[in-house]
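Chemist: Have a peek at entry00.cif (mmCIF, C-alpha atoms).
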```
data_final
loop_
_atom_site.label_atom_id
_atom_site.label_comp_id
_atom_site.auth_asym_id
_atom_site.auth_seq_id
_atom_site.Cartn_x
_atom_site.Cartn_y
_atom_site.Cartn_z
CA MET A 171 119.25 141.41 122.23
CA ALA A 172 117.81 140.24 125.54
CA PRO A 173 119.18 140.22 129.07
CA PRO A 174 120.89 137.22 130.68
CA GLY A 175 118.92 134.08 131.37
CA PRO A 176 116.71 131.77 129.33
CA PRO A 177 115.40 133.45 126.15
CA TYR A 178 111.82 132.49 127.05
CA PRO A 179 110.04 130.73 129.92
CA PRO A 180 110.48 126.94 130.18
CA ARG A 181 107.97 125.03 128.10
CA SER A 182 105.38 123.07 130.02
CA THR A 183 105.56 119.29 129.87
CA ALA A 184 102.53 119.38 127.57
CA TRP A 185 104.52 121.25 124.93
CA PRO A 186 107.90 119.48 124.63
CA ARG A 187 110.37 120.55 121.98
CA ARG A 188 110.46 117.63 119.54
CA THR A 189 113.75 116.50 118.07
CA LEU A 190 114.17 116.95 114.33
CA GLN A 191 113.55 113.81 112.29
CA GLU A 192 116.19 113.73 109.58
CA ASP A 193 113.90 111.75 107.29
CA VAL A 194 111.15 114.42 107.32
CA GLY A 195 110.36 115.26 103.72
CA GLY A 196 110.08 118.91 102.70
CA PRO A 197 108.58 120.86 99.83
CA ARG A 198 110.34 121.35 96.51
CA PRO A 199 113.77 122.99 96.70
CA LEU A 200 114.33 126.68 96.16
CA CYS A 201 114.60 127.27 92.43
CA SER A 202 115.55 130.13 90.16
CA THR A 203 113.06 132.36 88.43
CA GLY A 204 112.21 131.88 84.79
CA ARG A 205 112.04 128.24 83.77
CA GLY A 206 111.95 126.89 87.32
CA ARG A 207 115.41 125.31 87.23
CA CYS A 208 117.53 125.22 90.36
CA PRO A 209 120.85 127.09 89.99
CA ARG A 210 123.95 124.93 89.56
CA PRO A 211 126.42 125.15 92.45
CA ASP A 212 129.16 126.28 90.08
CA SER A 213 127.04 128.86 88.25
CA GLY A 214 128.45 131.79 90.21
CA SER A 215 125.23 132.29 92.13
CA ALA A 216 127.24 132.80 95.36
CA GLY A 217 124.35 131.64 97.50
CA ILE A 218 121.74 133.68 95.62
CA SER A 219 118.49 132.17 94.43
CA GLY A 220 115.30 133.57 93.02
CA SER A 221 111.91 132.17 93.93
CA LEU A 222 108.70 131.24 92.23
CA LEU A 223 105.36 132.21 93.72
CA ARG A 224 103.05 129.21 93.58
CA GLY A 225 99.98 128.96 95.73
CA PRO A 226 98.01 125.77 96.37
CA ALA A 227 96.44 124.39 93.19
CA GLY A 228 93.08 125.96 92.45
CA GLU A 229 93.44 128.78 94.97
CA ASP A 230 93.04 132.38 93.81
CA ALA A 231 96.39 133.97 94.58
CA GLY A 232 96.02 136.97 92.28
CA VAL A 233 96.51 139.56 95.02
CA ALA A 234 99.56 137.73 96.38
CA ARG A 235 101.03 137.43 92.89
CA GLY A 236 100.52 141.13 92.33
CA LEU A 237 102.31 141.95 95.57
CA PHE A 238 105.10 139.54 94.68
CA GLN A 239 105.79 141.64 91.60
CA ARG A 240 105.21 145.06 93.21
CA VAL A 241 106.81 144.57 96.64
CA ARG A 242 110.09 142.82 95.88
CA VAL A 243 111.78 141.37 98.97
CA LEU A 244 115.33 140.09 99.18
CA CYS A 245 115.80 137.74 102.14
CA TRP A 246 119.25 137.27 103.58
CA VAL A 247 119.48 134.43 106.09
CA MET A 248 122.31 134.35 108.62
CA THR A 249 123.66 130.83 109.06
CA ALA A 250 126.90 128.96 109.82
CA PRO A 251 128.70 125.96 108.31
CA GLN A 252 127.53 123.65 111.09
CA ASN A 253 123.90 124.80 110.62
CA LEU A 254 123.50 124.28 106.89
CA GLU A 255 121.97 120.81 107.18
CA SER A 256 120.41 121.06 110.64
CA LYS A 257 118.74 124.47 110.20
CA ALA A 258 119.33 126.42 106.98
CA ARG A 259 118.15 123.72 104.58
CA HIS A 260 114.71 123.74 106.23
CA VAL A 261 114.48 127.51 105.72
CA ARG A 262 115.58 127.04 102.10
CA ASP A 263 112.93 124.38 101.50
CA THR A 264 110.03 126.25 103.15
CA TRP A 265 109.52 129.99 103.50
CA ALA A 266 112.60 131.18 101.58
CA ARG A 267 110.92 129.93 98.39
CA HIS A 268 108.54 132.90 98.68
CA CYS A 269 111.28 135.55 98.65
CA ASN A 270 111.96 137.34 95.37
CA VAL A 271 115.65 136.71 96.05
CA ALA A 272 117.08 134.48 98.79
CA LEU A 273 120.66 134.76 100.02
CA PHE A 274 122.24 132.52 102.66
CA VAL A 275 125.32 134.02 104.30
CA SER A 276 127.88 132.12 106.34
CA SER A 277 131.49 132.47 107.42
CA GLU A 278 132.62 130.05 104.70
CA PRO A 279 131.39 129.56 101.14
CA ALA A 280 129.26 126.47 100.48
CA PRO A 281 128.66 126.25 96.71
CA HIS A 282 126.68 123.01 97.05
CA PHE A 283 124.02 124.65 99.26
CA PRO A 284 124.57 127.43 98.03
CA ALA A 285 125.76 129.84 100.72
CA LEU A 286 127.91 132.94 100.47
CA GLY A 287 131.10 132.99 102.54
CA LEU A 288 131.83 136.36 104.15
CA GLY A 289 135.21 135.53 105.70
CA VAL A 290 134.05 136.49 109.19
CA PRO A 291 134.66 134.11 112.11
CA GLU A 292 131.59 132.52 113.66
CA GLY A 293 130.47 133.48 117.13
CA ARG A 294 127.99 135.77 118.78
CA GLY A 295 130.52 138.54 119.11
CA GLN A 296 130.98 138.55 115.31
CA LEU A 297 127.29 138.84 114.39
CA TYR A 298 127.31 142.57 113.73
CA ARG A 299 130.46 142.38 111.64
CA LYS A 300 128.87 139.54 109.68
CA THR A 301 125.72 141.62 109.22
CA VAL A 302 127.75 144.59 107.98
CA ARG A 303 129.53 142.40 105.40
CA ALA A 304 126.20 140.98 104.23
CA LEU A 305 124.69 144.46 103.89
CA GLN A 306 127.70 145.66 101.90
CA PHE A 307 127.48 142.65 99.57
CA VAL A 308 123.75 143.13 99.04
CA HIS A 309 124.17 146.84 98.34
CA ARG A 310 127.05 146.26 95.95
CA HIS A 311 125.60 143.38 93.95
CA LEU A 312 121.87 142.99 94.54
CA ARG A 313 120.27 146.32 95.40
CA ALA A 314 118.61 146.60 91.97
CA ARG A 315 116.81 143.26 92.42
CA ALA A 316 114.64 144.23 95.40
CA ASP A 317 112.85 147.11 97.10
CA TRP A 318 113.04 145.72 100.65
CA PHE A 319 115.79 143.75 102.38
CA LEU A 320 114.86 141.26 105.09
CA LYS A 321 117.35 139.86 107.56
CA ALA A 322 116.43 136.59 109.31
CA ASP A 323 118.20 133.89 111.30
CA ASP A 324 118.24 130.22 110.31
CA ASP A 325 115.70 129.48 113.06
CA THR A 326 113.28 132.26 112.07
CA PHE A 327 110.07 131.49 110.17
CA VAL A 328 108.71 134.27 107.94
CA LEU A 329 105.41 134.65 106.07
CA LEU A 330 106.38 136.72 103.04
CA ASP A 331 102.83 137.35 101.81
CA ASN A 332 101.96 139.05 105.10
CA LEU A 333 105.21 141.01 105.06
CA ARG A 334 104.43 142.33 101.57
CA TRP A 335 100.99 143.48 102.75
CA LEU A 336 102.65 145.36 105.61
CA LEU A 337 105.22 146.98 103.33
CA ALA A 338 102.88 147.85 100.47
CA ALA A 339 101.81 151.15 102.03
CA HIS A 340 105.38 152.43 102.30
CA PRO A 341 107.40 153.87 99.41
CA PRO A 342 110.67 151.87 99.35
CA GLN A 343 112.73 154.98 98.64
CA ARG A 344 111.86 156.30 102.11
CA PRO A 345 114.61 155.45 104.67
CA LEU A 346 112.69 153.09 106.95
CA TYR A 347 113.11 149.88 108.90
CA LEU A 348 110.57 147.65 110.61
CA GLY A 349 110.46 144.62 112.89
CA LYS A 350 109.78 143.70 116.51
CA ARG A 351 110.49 146.99 118.29
CA PHE A 352 112.39 146.92 121.58
CA ARG A 353 112.88 149.83 123.98
CA PRO A 354 116.37 150.16 125.45
CA PHE A 355 119.71 151.43 124.18
CA THR A 356 118.33 153.84 121.52
CA ARG A 357 115.86 156.71 121.73
CA GLN A 358 113.63 155.46 118.92
CA GLY A 359 114.05 151.78 119.81
CA TYR A 360 115.62 149.01 117.75
CA MET A 361 114.41 145.83 116.08
CA SER A 362 114.92 142.37 117.57
CA GLY A 363 117.47 140.45 115.55
CA GLY A 364 115.87 137.06 116.16
CA ALA A 365 112.40 138.12 114.99
CA GLY A 366 113.93 139.52 111.81
CA TYR A 367 113.87 143.07 110.48
CA VAL A 368 113.44 144.67 107.09
CA LEU A 369 115.19 147.69 105.54
CA SER A 370 113.81 149.77 102.70
CA ARG A 371 115.84 150.55 99.61
CA GLY A 372 116.18 154.09 100.95
CA ALA A 373 117.52 152.85 104.28
CA LEU A 374 120.07 150.59 102.56
CA ALA A 375 121.18 153.46 100.31
CA ARG A 376 121.82 155.59 103.39
CA LEU A 377 123.41 152.81 105.46
CA ALA A 378 125.93 151.33 103.01
CA PRO A 379 127.91 154.56 102.39
CA ALA A 380 127.92 155.29 106.13
CA LEU A 381 129.46 151.89 106.80
CA ALA A 382 132.06 152.51 104.08
CA ARG A 383 132.94 155.95 105.49
CA GLY A 384 133.15 154.69 109.06
CA THR A 385 130.24 156.85 110.25
CA CYS A 386 129.01 153.64 111.86
CA GLY A 387 131.50 151.10 113.18
CA HIS A 388 131.72 147.50 112.04
CA GLY A 389 131.83 145.97 115.50
CA GLY A 390 129.62 145.85 118.53
CA PRO A 391 128.54 143.50 121.29
CA GLU A 392 125.04 142.97 119.87
CA GLU A 393 124.08 142.99 116.20
CA ASP A 394 120.52 144.27 116.53
CA VAL A 395 121.38 147.03 119.02
CA ALA A 396 124.43 148.19 117.03
CA LEU A 397 122.44 148.35 113.80
CA GLY A 398 119.59 150.20 115.52
CA GLN A 399 122.00 152.79 116.95
CA CYS A 400 123.59 153.26 113.52
CA LEU A 401 120.26 153.70 111.74
CA GLU A 402 119.09 156.19 114.36
CA ARG A 403 122.28 158.20 113.84
CA LEU A 404 121.60 158.23 110.09
CA GLY A 405 118.02 159.42 110.45
CA VAL A 406 116.39 156.18 109.28
CA ALA A 407 112.85 156.13 110.62
CA VAL A 408 111.41 153.28 112.68
CA GLY A 409 108.15 151.92 111.27
CA ASP A 410 105.15 150.61 113.21
CA SER A 411 104.77 146.95 112.23
CA ARG A 412 101.49 146.33 114.05
CA ASP A 413 98.35 145.57 112.06
CA THR A 414 95.32 147.88 111.84
CA ARG A 415 93.99 146.47 115.14
CA GLY A 416 97.24 147.12 116.99
CA ARG A 417 98.38 143.49 117.08
CA GLU A 418 102.03 142.57 116.69
CA THR A 419 103.29 140.90 113.50
CA PHE A 420 106.98 140.20 114.29
CA HIS A 421 107.52 137.75 117.18
CA PRO A 422 110.80 136.83 118.93
CA PHE A 423 109.52 133.44 120.25
CA PRO A 424 107.76 130.40 118.75
CA PRO A 425 103.96 130.62 118.31
CA GLU A 426 103.13 128.46 121.35
CA ILE A 427 105.08 130.73 123.69
CA HIS A 428 103.13 133.79 122.63
CA LEU A 429 99.81 131.91 122.59
CA THR A 430 100.00 129.90 125.82
CA HIS A 431 102.55 131.39 128.21
CA ARG A 432 102.17 134.03 130.88
CA PHE A 433 105.43 135.89 131.30
CA ALA A 434 106.65 135.89 134.88
CA ARG A 435 106.82 139.15 136.75
CA GLY A 436 110.28 140.58 136.28
CA PHE A 437 110.92 138.61 133.07
CA TRP A 438 112.85 140.78 130.62
CA TYR A 439 110.47 140.60 127.65
CA PRO A 440 107.59 142.88 128.77
CA ARG A 441 110.13 145.44 129.94
CA TYR A 442 111.89 145.50 126.58
CA CYS A 443 108.82 145.64 124.32
CA TRP A 444 108.01 149.06 122.92
CA TYR A 445 104.29 148.31 122.88
CA PRO A 446 102.31 146.64 125.72
CA VAL A 447 102.54 142.85 125.65
CA VAL A 448 99.29 140.99 125.06
CA GLU A 449 99.26 137.38 126.27
CA GLY A 450 97.12 134.58 124.91
CA PRO A 451 95.33 134.20 121.56
CA GLN A 452 95.16 137.98 120.99
CA CYS A 453 98.95 138.21 121.17
CA CYS A 454 99.48 137.93 117.48
CA SER A 455 98.07 139.37 114.30
CA ASP A 456 96.11 137.17 111.89
CA LEU A 457 98.67 138.50 109.43
CA ALA A 458 101.72 137.60 111.53
CA VAL A 459 105.05 137.98 109.75
CA SER A 460 107.64 136.09 111.80
CA PHE A 461 108.41 133.74 114.70
CA HIS A 462 111.81 132.89 116.21
CA TYR A 463 113.35 129.75 117.78
CA VAL A 464 111.56 127.54 115.24
CA SER A 465 113.04 124.05 114.77
CA GLY A 466 113.56 122.42 111.41
CA GLN A 467 110.53 120.15 111.79
CA GLU A 468 108.36 123.08 112.86
CA MET A 469 109.35 124.98 109.70
CA TYR A 470 107.39 122.41 107.66
CA GLU A 471 104.50 122.50 110.12
CA LEU A 472 104.19 126.28 109.87
CA GLU A 473 104.58 126.17 106.10
CA TYR A 474 101.68 123.71 105.86
CA LEU A 475 99.50 125.63 108.31
CA SER A 476 100.08 128.97 106.59
CA GLN A 477 100.15 127.88 102.94
CA ARG A 478 97.83 124.88 102.73
CA LEU A 479 95.46 124.35 105.66
CA ARG A 480 92.08 126.09 105.25
CA PRO A 481 88.77 125.66 107.14
CA TYR A 482 86.06 124.67 104.68
CA GLY A 483 83.39 127.23 103.87
CA TYR A 484 84.94 130.26 105.59
CA ARG A 485 86.42 133.50 104.36
CA PRO A 486 89.23 135.07 106.41
CA ARG A 487 87.80 137.01 109.35
CA TYR A 488 90.45 139.71 109.06
CA ARG A 489 90.75 141.22 105.60
CA PRO A 490 92.23 144.71 105.94
CA ALA A 491 92.41 146.91 102.90
CA LEU A 492 95.54 146.99 100.78
CA SER A 493 96.88 150.52 100.52
CA PRO A 494 99.02 151.87 97.70
CA PRO A 495 102.36 153.41 98.67
CA THR A 496 102.20 157.04 99.72
CA ALA A 497 104.44 159.82 98.52
CA PRO A 498 107.58 160.36 100.61
CA GLY A 499 106.99 162.72 103.52
CA THR A 500 103.30 161.82 103.96
CA PRO A 501 101.89 159.26 106.44
CA ALA A 502 101.30 155.73 105.16
CA ALA A 503 97.88 154.15 105.70
CA PRO A 504 96.23 151.94 106.66
CA ASN A 505 98.20 148.72 106.60
CA ALA A 506 101.34 150.15 108.17
CA THR A 507 100.60 153.32 110.12
CA ARG A 508 98.18 153.10 113.02
CA SER A 509 96.07 155.83 114.57
CA HIS A 510 97.16 154.82 118.09
CA THR A 511 100.48 156.16 119.28
CA GLY A 512 103.39 154.44 120.96
CA PRO A 513 104.62 155.05 124.49
CA GLU A 514 106.81 157.88 125.60
CA VAL A 515 110.48 157.44 124.80
CA PRO A 516 111.82 155.34 127.69
CA GLU A 517 115.03 155.76 129.54
CA PRO A 518 117.65 153.27 128.28
CA CYS A 519 117.99 150.14 130.37
CA PRO A 520 121.42 149.39 131.83
CA SER A 521 123.52 147.09 129.71
CA PRO A 522 123.39 143.44 130.81
CA SER A 523 126.36 142.23 132.76
CA ARG A 524 126.95 139.36 130.38
CA THR A 525 126.06 138.44 126.81
CA PRO A 526 122.39 137.46 126.61
CA PRO A 527 120.63 135.05 124.26
CA ARG A 528 118.87 136.61 121.27
#
```
Translate the structure of the given file into structure tokens.
Modeler:
Amino acid sequence: MAPPGPPYPPRSTAWPRRTLQEDVGGPRPLCSTGRGRCPRPDSGSAGISGSLLRGPAGEDAGVARGLFQRVRVLCWVMTAPQNLESKARHVRDTWARHCNVALFVSSEPAPHFPALGLGVPEGRGQLYRKTVRALQFVHRHLRARADWFLKADDDTFVLLDNLRWLLAAHPPQRPLYLGKRFRPFTRQGYMSGGAGYVLSRGALARLAPALARGTCGHGGPEEDVALGQCLERLGVAVGDSRDTRGRETFHPFPPEIHLTHRFARGFWYPRYCWYPVVEGPQCCSDLAVSFHYVSGQEMYELEYLSQRLRPYGYRPRYRPALSPPTAPGTPAAPNATRSHTGPEVPEPCPSPSRTPPR
């Protein structure tokens, strides 16, 4: 949730938003696990697909393959009937292939895609209700197939390998959620819906019964705020998603905004961020997890840049250690818990006078 006004500063004329070319070719479609066959629309998959982890030919992906097996991530992508071809299919054909399980949720079923229909009307005011229905479906039918549960929009780009590194230090049975942490409306903060957020198996196990009992309501003006308030009430801890150098990994804007823009004085974003905003090339971790407001064409660009493009003769400059999960009740280190502390708990900001963009 963000206050009224444009979601981010206007792009300069040097960085125009390109229109999507419908004839842009994408990578192979999302396929099921096992023999690599795509699920038939009438197979009862209800919008669920498994993924295969395949790195570029000849590249050593042993560590990533190990994490793929050990840190299982279910991705549920929020979409709408009118967005299946213009947005969701580009997610399906790029980063969603790297999820252990991918689930596209919409208001209406679309067996040809496939997408799960939740029977909730479309519209911003219905987002939290739609999220609740998706969480209940995942808990009821799919909780045994993953350890972590990622929510993303159909214009969010996610790097699953980096997310698994971040999550590897945390035991999934611990009630925890992570993402881009904002300040207002809750004491411990809440995670930006557009940048995506991830719930542990322990958090889902605590949340689903609370939703069934009515401990948390099924409606609210803003999905991310309402979920954050519910999780705080249930005692689900907020995780620090920064890397070991204190750089952010979840991002609510496209890469060029974070890399090239200076946020105007009084702009809502620095005021909402839990941690101090860093502008320019140091804005973002080398192991960034997500970016928001990414067009269909840019999905393929980011997939190529993250999965294929490599400078010849160089090893990655940032290679933090991979930590095993810690026992519940002990601090996780080093890829998820930092030695630096966050700011004091801020006073909640007043609610915006009208519905803001996400």
Chemist: Which residues of range 237-320 of chain A come within 10 Å of range 458-474 of chain A, and for each one, what is the closest pair of atoms and their distance in Å to one decimal, counting only C-alpha atoms, sorted by chain and residue number, as JSON lines?
Modeler:
```
{"residue": "A:Glu255", "atom": "CA", "partner": "A:Gly466", "partner_atom": "CA", "distance": 9.6}
{"residue": "A:Ser256", "atom": "CA", "partner": "A:Gly466", "partner_atom": "CA", "distance": 7.0}
{"residue": "A:Lys257", "atom": "CA", "partner": "A:Gly466", "partner_atom": "CA", "distance": 5.7}
{"residue": "A:Ala258", "atom": "CA", "partner": "A:Gly466", "partner_atom": "CA", "distance": 8.3}
{"residue": "A:Arg259", "atom": "CA", "partner": "A:Gly466", "partner_atom": "CA", "distance": 8.3}
{"residue": "A:His260", "atom": "CA", "partner": "A:Gly466", "partner_atom": "CA", "distance": 5.5}
{"residue": "A:Val261", "atom": "CA", "partner": "A:Met469", "partner_atom": "CA", "distance": 7.0}
{"residue": "A:Asp263", "atom": "CA", "partner": "A:Tyr470", "partner_atom": "CA", "distance": 8.5}
{"residue": "A:Thr264", "atom": "CA", "partner": "A:Glu473", "partner_atom": "CA", "distance": 6.2}
{"residue": "A:Trp265", "atom": "CA", "partner": "A:Glu473", "partner_atom": "CA", "distance": 6.8}
```
Chemist: Just how far from CA of Arg334 in chain A is CA of Gln239 in chain A, in Å to one decimal?
Modeler: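 Rounded to one decimal, the two atoms are 10.1 Å apart.
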Chemist: Check what the PyMOL selection byres ((chain A and resi 291) around 9) selects in the file above and give those residues as a list in words.
Modeler: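 The output of the PyMOL selection byres ((chain A and resi 291) around 9) on this file is Ser277, Glu278, Leu288, Gly289, Val290, Glu292, Gly293, Gln296 and Lys300 of chain A.
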Chemist: Kindly give the distance, in Å, that separates CA of Gly405 in chain A and CA of Ser276 in chain A, rounded to a single decimal.
Modeler: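 According to the coordinates, CA of Gly405 in chain A and CA of Ser276 in chain A are separated by 29.3 Å.
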Chemist: Would you pick out the contacts of Tyr360 in chain A at 7 Å or less, using all atoms listed in the file, so that residues sharing its chain but fewer than 4 positions from it are not included, and give the list as a PyMOL selection string?
Modeler: chain A and resi 351-353+356+394-395+398
